[in-house]
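The next block is run_36.cif, given as mmCIF, C-alpha atoms.
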```cif
data_upload
#
loop_
_atom_site.label_atom_id
_atom_site.label_comp_id
_atom_site.auth_asym_id
_atom_site.auth_seq_id
_atom_site.Cartn_x
_atom_site.Cartn_y
_atom_site.Cartn_z
CA MET A 1 0.00 0.00 0.00
CA PRO A 2 1.54 3.29 -0.89
CA GLU A 3 2.65 5.62 1.91
CA PRO A 4 0.80 8.94 2.19
CA ASP A 5 2.49 12.11 1.33
CA GLU A 6 3.63 14.00 4.48
CA GLN A 7 2.39 17.28 3.11
CA GLU A 8 -1.05 15.77 2.51
CA LEU A 9 -1.18 14.03 5.91
CA GLY A 10 -0.61 17.15 7.98
CA PRO A 11 -3.71 19.02 6.85
CA GLN A 12 -5.81 15.85 7.28
CA LEU A 13 -4.71 15.43 10.87
CA ALA A 14 -5.40 19.02 11.64
CA ASP A 15 -8.88 18.74 10.15
CA ALA A 16 -9.55 15.59 12.21
CA PHE A 17 -8.49 17.19 15.51
CA GLN A 18 -10.58 20.26 14.80
CA SER A 19 -13.65 18.17 14.00
CA LYS A 20 -13.20 16.21 17.24
CA ALA A 21 -12.92 19.42 19.23
CA HIS A 22 -16.06 20.82 17.68
CA SER A 23 -17.85 17.57 18.44
CA ILE A 24 -16.82 17.69 22.11
CA GLN A 25 -17.72 21.33 22.45
CA GLY A 26 -21.12 20.63 20.91
CA ARG A 27 -21.88 17.89 23.37
CA ARG A 28 -20.53 19.66 26.51
CA PRO A 29 -23.55 21.93 27.13
CA ALA A 30 -25.88 18.96 26.76
CA SER A 31 -23.73 16.96 29.19
CA PHE A 32 -23.71 19.76 31.74
CA ALA A 33 -27.51 20.16 31.50
CA SER A 34 -27.99 16.42 31.92
CA GLU A 35 -25.71 16.34 34.93
CA ALA A 36 -27.52 19.32 36.50
CA ARG A 37 -30.89 17.63 36.04
CA ARG A 38 -29.54 14.44 37.54
CA ARG A 39 -28.25 16.25 40.63
CA VAL A 40 -31.53 18.14 41.07
CA GLN A 41 -33.44 14.86 40.91
CA GLN A 42 -31.11 13.30 43.50
CA ARG A 43 -31.56 16.30 45.79
CA ARG A 44 -35.35 16.12 45.47
CA HIS A 45 -35.24 12.41 46.17
CA ARG A 46 -33.16 12.93 49.33
CA MET A 47 -35.51 15.71 50.53
CA THR A 48 -38.54 13.49 49.90
CA MET A 49 -36.99 10.62 51.84
CA ALA A 50 -36.06 12.93 54.73
CA ALA A 51 -39.60 14.34 54.91
CA ALA A 52 -41.04 10.84 54.87
CA ALA A 53 -38.73 9.85 57.72
CA VAL A 54 -39.90 12.83 59.80
CA VAL A 55 -43.54 11.88 59.20
CA VAL A 56 -42.85 8.29 60.24
CA VAL A 57 -41.02 9.38 63.40
CA ALA A 58 -43.82 11.79 64.30
CA ALA A 59 -46.42 9.10 63.73
CA ILE A 60 -44.52 6.61 65.86
CA GLY A 61 -44.10 9.21 68.59
CA GLY A 62 -47.80 9.97 68.54
CA VAL A 63 -48.73 6.33 68.81
CA TRP A 64 -46.25 5.87 71.67
CA GLY A 65 -47.68 8.84 73.49
CA ALA A 66 -51.17 7.45 73.01
CA ILE A 67 -50.63 3.80 73.91
CA GLY A 68 -47.07 3.13 74.93
CA GLY A 69 -45.85 6.06 76.97
CA PRO A 70 -46.23 6.55 80.73
CA SER A 71 -49.43 8.27 81.83
CA PRO A 72 -50.26 10.07 85.09
CA MET A 73 -51.78 7.99 87.87
CA PRO A 74 -55.52 8.58 88.38
CA THR A 75 -56.38 10.67 91.38
CA SER A 76 -58.97 9.38 93.60
CA SER A 77 -61.83 11.83 93.61
CA SER A 78 -62.57 10.59 97.02
CA ASP A 79 -58.95 11.30 98.26
CA SER A 80 -59.37 14.88 96.81
CA ALA A 81 -62.82 15.43 98.46
CA ALA A 82 -61.63 14.07 101.86
CA GLY A 83 -58.68 16.41 101.67
CA SER A 84 -60.97 19.33 100.84
CA ALA A 85 -63.35 18.56 103.69
CA GLU A 86 -60.43 18.21 106.09
CA GLY A 87 -59.02 21.52 104.95
CA GLN A 88 -62.37 23.29 105.40
CA GLY A 89 -62.96 21.67 108.76
CA ASN A 90 -66.69 21.28 108.17
CA LYS A 91 -69.26 19.07 106.53
CA SER A 92 -70.01 19.40 102.82
CA ALA A 93 -73.55 18.05 103.15
CA PRO A 94 -76.05 18.50 105.98
CA GLU A 95 -77.10 14.83 105.87
CA ALA A 96 -73.54 13.57 106.45
CA ALA A 97 -73.30 10.37 108.48
CA ILE A 98 -71.71 10.31 111.92
CA ASP A 99 -69.86 7.69 113.94
CA GLY A 100 -71.84 4.94 115.62
CA CYS A 101 -72.29 4.46 119.33
CA PRO A 102 -69.00 3.53 121.01
CA PRO A 103 -69.26 0.41 123.19
CA GLN A 104 -66.99 2.07 125.76
CA HIS A 105 -68.35 5.52 126.54
CA PRO A 106 -67.46 8.02 129.32
CA ILE A 107 -70.99 7.80 130.69
CA LEU A 108 -70.22 4.23 131.82
CA THR A 109 -67.67 5.50 134.33
CA ALA A 110 -69.02 9.00 135.03
CA PRO A 111 -70.25 9.73 138.58
CA SER A 112 -73.73 10.53 137.24
CA HIS A 113 -75.67 11.21 134.05
CA GLU A 114 -75.19 14.92 134.68
CA ALA A 115 -71.37 14.75 134.43
CA VAL A 116 -70.87 15.49 130.75
CA PRO A 117 -67.09 15.93 130.19
CA PRO A 118 -65.94 19.49 129.43
CA GLY A 119 -65.84 20.28 125.72
CA THR A 120 -68.12 17.35 124.91
CA GLY A 121 -71.57 18.87 125.42
CA LEU A 122 -73.65 20.43 122.66
CA ASP A 123 -74.33 24.14 122.56
CA LEU A 124 -77.97 24.10 121.48
CA ASP A 125 -77.40 27.09 119.20
CA THR A 126 -74.97 25.02 117.11
CA PRO A 127 -76.22 23.71 113.73
CA VAL A 128 -76.56 19.92 113.71
CA PHE A 129 -76.41 17.57 110.73
CA GLY A 130 -77.39 14.20 112.16
CA LEU A 131 -78.06 12.27 115.37
CA GLN A 132 -77.10 8.93 116.86
CA ALA A 133 -78.98 7.95 120.01
CA CYS A 134 -77.18 5.44 122.26
CA ARG A 135 -78.75 3.69 125.26
CA TYR A 136 -76.36 2.37 127.93
CA SER A 137 -76.73 0.14 130.95
CA LEU A 138 -75.03 1.76 133.97
CA ALA A 139 -75.66 -1.07 136.43
CA PRO A 140 -72.46 -2.10 138.25
CA GLY A 141 -70.99 -5.18 136.64
CA ASN A 142 -73.28 -4.80 133.62
CA GLN A 143 -72.13 -1.58 131.99
CA LEU A 144 -72.65 -1.89 128.26
CA LEU A 145 -74.37 -0.57 125.16
CA LEU A 146 -78.00 -1.68 125.06
CA GLY A 147 -79.19 -0.23 121.77
CA SER A 148 -78.89 2.55 119.23
CA ALA A 149 -80.82 4.43 116.57
CA THR A 150 -79.80 6.83 113.80
CA PHE A 151 -81.80 9.94 112.86
CA THR A 152 -81.68 12.39 109.98
CA ALA A 153 -80.58 15.99 110.13
CA THR A 154 -84.22 17.07 110.16
CA THR A 155 -85.00 14.99 113.24
CA ALA A 156 -81.77 16.10 114.89
CA ARG A 157 -82.78 19.75 114.51
CA GLN A 158 -86.26 18.97 115.82
CA VAL A 159 -84.78 17.35 118.92
CA VAL A 160 -82.50 20.34 119.57
CA ASP A 161 -85.36 22.79 119.12
CA ALA A 162 -87.60 20.74 121.43
CA ILE A 163 -84.95 20.73 124.18
CA LYS A 164 -83.91 24.35 123.75
CA GLY A 165 -87.22 25.77 124.90
CA LEU A 166 -87.50 23.66 128.06
CA PRO A 167 -87.16 24.98 131.61
CA GLU A 168 -84.46 23.68 133.91
CA ARG A 169 -86.84 21.33 135.67
CA ASN A 170 -90.21 19.71 135.01
CA PRO A 171 -92.34 20.72 137.99
CA THR A 172 -94.83 17.93 137.35
CA LEU A 173 -92.27 15.28 138.27
CA PRO A 174 -91.94 14.25 141.93
CA VAL A 175 -88.95 14.98 144.14
CA PHE A 176 -87.63 11.82 145.72
CA LYS A 177 -85.73 11.20 148.90
CA CYS A 178 -82.81 9.12 147.70
CA THR A 179 -80.40 6.73 149.26
CA ALA A 180 -76.96 6.20 147.76
CA GLU A 181 -78.19 2.97 146.24
CA THR A 182 -81.28 4.38 144.59
CA ALA A 183 -79.64 7.63 143.48
CA ARG A 184 -77.51 5.97 140.82
CA PRO A 185 -79.43 5.33 137.58
CA LYS A 186 -79.48 1.88 136.06
CA GLU A 187 -79.38 3.27 132.52
CA ALA A 188 -79.19 6.47 130.49
CA ILE A 189 -79.20 7.70 126.89
CA VAL A 190 -76.48 9.65 125.09
CA LEU A 191 -77.52 11.83 122.14
CA ARG A 192 -74.57 12.22 119.77
CA PHE A 193 -75.08 15.13 117.39
CA ASP A 194 -72.98 15.64 114.30
CA THR A 195 -71.72 19.23 114.01
CA ALA A 196 -69.18 21.15 111.91
CA THR A 197 -66.58 20.69 114.67
CA GLY A 198 -67.27 17.04 115.41
CA VAL A 199 -69.66 15.03 117.58
CA ARG A 200 -71.26 16.89 120.48
CA GLU A 201 -73.44 15.23 123.10
CA VAL A 202 -76.48 15.64 125.30
CA TRP A 203 -76.94 13.12 128.10
CA VAL A 204 -80.46 12.10 129.01
CA GLY A 205 -81.28 11.02 132.57
CA TYR A 206 -84.61 9.37 133.36
CA ASP A 207 -83.71 6.76 135.97
CA GLY A 208 -82.24 7.01 139.45
CA CYS A 209 -83.93 9.27 141.95
CA ALA A 210 -81.28 12.02 142.10
CA SER A 211 -82.12 13.96 138.94
CA ALA A 212 -83.69 13.78 135.51
CA GLY A 213 -83.45 15.85 132.35
CA PHE A 214 -81.25 16.74 129.37
CA PHE A 215 -77.67 17.64 130.28
CA THR A 216 -75.10 19.43 128.09
CA GLY A 217 -72.37 19.91 130.67
CA THR A 218 -73.12 23.63 130.97
CA ARG A 219 -76.92 23.64 130.98
CA THR A 220 -79.70 21.46 132.40
CA TYR A 221 -83.13 21.12 130.80
CA GLY A 222 -86.07 19.40 132.46
CA LEU A 223 -87.28 15.96 131.37
CA TYR A 224 -90.31 16.31 129.09
CA ALA A 225 -92.09 13.92 126.75
CA GLY A 226 -91.76 16.13 123.64
CA PRO A 227 -88.08 15.48 122.84
CA LEU A 228 -88.29 11.89 124.10
CA LYS A 229 -90.99 10.97 121.59
CA LEU A 230 -88.63 11.91 118.77
CA ILE A 231 -85.79 9.62 119.90
CA LEU A 232 -87.21 6.71 121.88
CA LYS A 233 -87.31 4.27 118.98
CA ASP A 234 -86.33 0.61 118.62
CA GLY A 235 -83.37 -0.35 120.84
CA VAL A 236 -83.18 3.12 122.35
CA ARG A 237 -86.64 2.90 123.94
CA PRO A 238 -86.40 1.83 127.61
CA THR A 239 -89.03 -0.23 129.35
CA GLY A 240 -89.25 2.27 132.19
CA GLY A 241 -87.36 4.29 134.77
CA ILE A 242 -88.01 6.06 138.07
CA TYR A 243 -88.87 9.35 136.39
CA LEU A 244 -90.28 7.84 133.20
CA ASP A 245 -92.82 5.99 135.32
CA HIS A 246 -94.14 9.41 136.41
CA LEU A 247 -93.96 11.10 133.01
CA GLU A 248 -96.93 11.00 130.67
CA GLY A 249 -96.89 10.95 126.90
CA TRP A 250 -93.41 9.65 126.17
#
```
Give the structure from this file in structure tokens form.
Amino acid sequence: MPEPDEQELGPQLADAFQSKAHSIQGRRPASFASEARRRVQQRRHRMTMAAAAVVVVAAIGGVWGAIGGPSPMPTSSSDSAAGSAEGQGNKSAPEAAIDGCPPQHPILTAPSHEAVPPGTGLDLDTPVFGLQACRYSLAPGNQLLLGSATFTATTARQVVDAIKGLPERNPTLPVFKCTAETARPKEAIVLRFDTATGVREVWVGYDGCASAGFFTGTRTYGLYAGPLKLILKDGVRPTGGIYLDHLEGW
């Protein structure tokens, strides 16, 4: 094969290099545009994936807060009300219940049914919210609770009002000459009234020849049938007594 002429080969090589350069320059803008689009798509893809991850984390966190996370312990509405009543130091409802009759009561060892301990007796001007009537045997060797009855706030107020208007003594009852043996009553009744400051009492004497009436520790009210008819129910009702035997209408 014949060898090309050097003078003819030089221009051909120059033309070839120039054509290649033009070809590369023509493609370069297209390559740059393609690369830019590719990078934009990658960036959008990464942003989309990141946003999706945030949504998933938020959703998981919400579900955990709803079903899996710790929640505050329920507060007993009762513990909150007890605390409120204790803080106020009074009753929230006038019909509130009071303690029952204690089997061991000061009247069992008191010198008489008049000896209401200081600070225990009811001031009859004090509002009352309930009543527990307790009947006790005071006989030596047989001192115990005989019976009890519970009354509403309405009845409790009626009893207080009925006692409040009484004189110190019922003149229709006889005056007895007592011996030491007959002076001590065999039984008595304790009226336990519920008040804003706790239980306050009125002792009721109707047996024993020394005295009879309603005793608060600071005041004495004569024994009358009116208040007795309101409280002498069921186990609180005695079969008799020295003064009851001479009292009509109870």
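Distance check against Leu247 of chain A using all atoms listed in the file: of A:Asn170, A:Gln104, A:Thr155, A:Thr179, the minimum falls on A:Asn170.
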Select, from A:Ala115, A:Ile242, A:Ala156, A:Leu145, the residue with the minimum atom-to-atom distance to Asp194 of chain A, counting all atoms listed in the file.
A:Ala156
With a cut-off of 8 Å, could you pull out the residues of segment 194-246 of chain A touching segment 122-140 of chain A and give me the nearest pair of atoms for each, distance in Å to one decimal, using all atoms listed in the file, ordered by chain and ascending number, as JSON lines?
```
{"residue": "A:Asp194", "atom": "CA", "partner": "A:Gly130", "partner_atom": "CA", "distance": 5.1}
{"residue": "A:Thr195", "atom": "CA", "partner": "A:Val128", "partner_atom": "CA", "distance": 4.9}
{"residue": "A:Ala196", "atom": "CA", "partner": "A:Val128", "partner_atom": "CA", "distance": 7.7}
{"residue": "A:Arg200", "atom": "CA", "partner": "A:Leu122", "partner_atom": "CA", "distance": 4.8}
{"residue": "A:Glu201", "atom": "CA", "partner": "A:Leu122", "partner_atom": "CA", "distance": 5.2}
{"residue": "A:Val202", "atom": "CA", "partner": "A:Leu122", "partner_atom": "CA", "distance": 6.2}
{"residue": "A:Thr216", "atom": "CA", "partner": "A:Leu122", "partner_atom": "CA", "distance": 5.7}
{"residue": "A:Ile231", "atom": "CA", "partner": "A:Ala133", "partner_atom": "CA", "distance": 7.0}
{"residue": "A:Gly235", "atom": "CA", "partner": "A:Arg135", "partner_atom": "CA", "distance": 7.6}
{"residue": "A:Val236", "atom": "CA", "partner": "A:Arg135", "partner_atom": "CA", "distance": 5.3}
```
By how many Å are atom CA of Gly208 of chain A and atom CA of Gly249 of chain A apart?
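We find that atom CA of Gly208 of chain A and atom CA of Gly249 of chain A lie 19.7 Å from each other.
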Atom CA of Val204 of chain A to atom CA of Pro174 of chain A, straight-line distance in Å
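If I compute the distance from atom CA of Pro174 of chain A to atom CA of Val204 of chain A, I get 17.4 Å.
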Hey, which of A:Leu230, A:Ala162, A:Leu108, A:Val190 ends up closest to Thr120 of chain A? Count all atoms listed in the file.
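Closest to Thr120 of chain A of all the choices is A:Val190.
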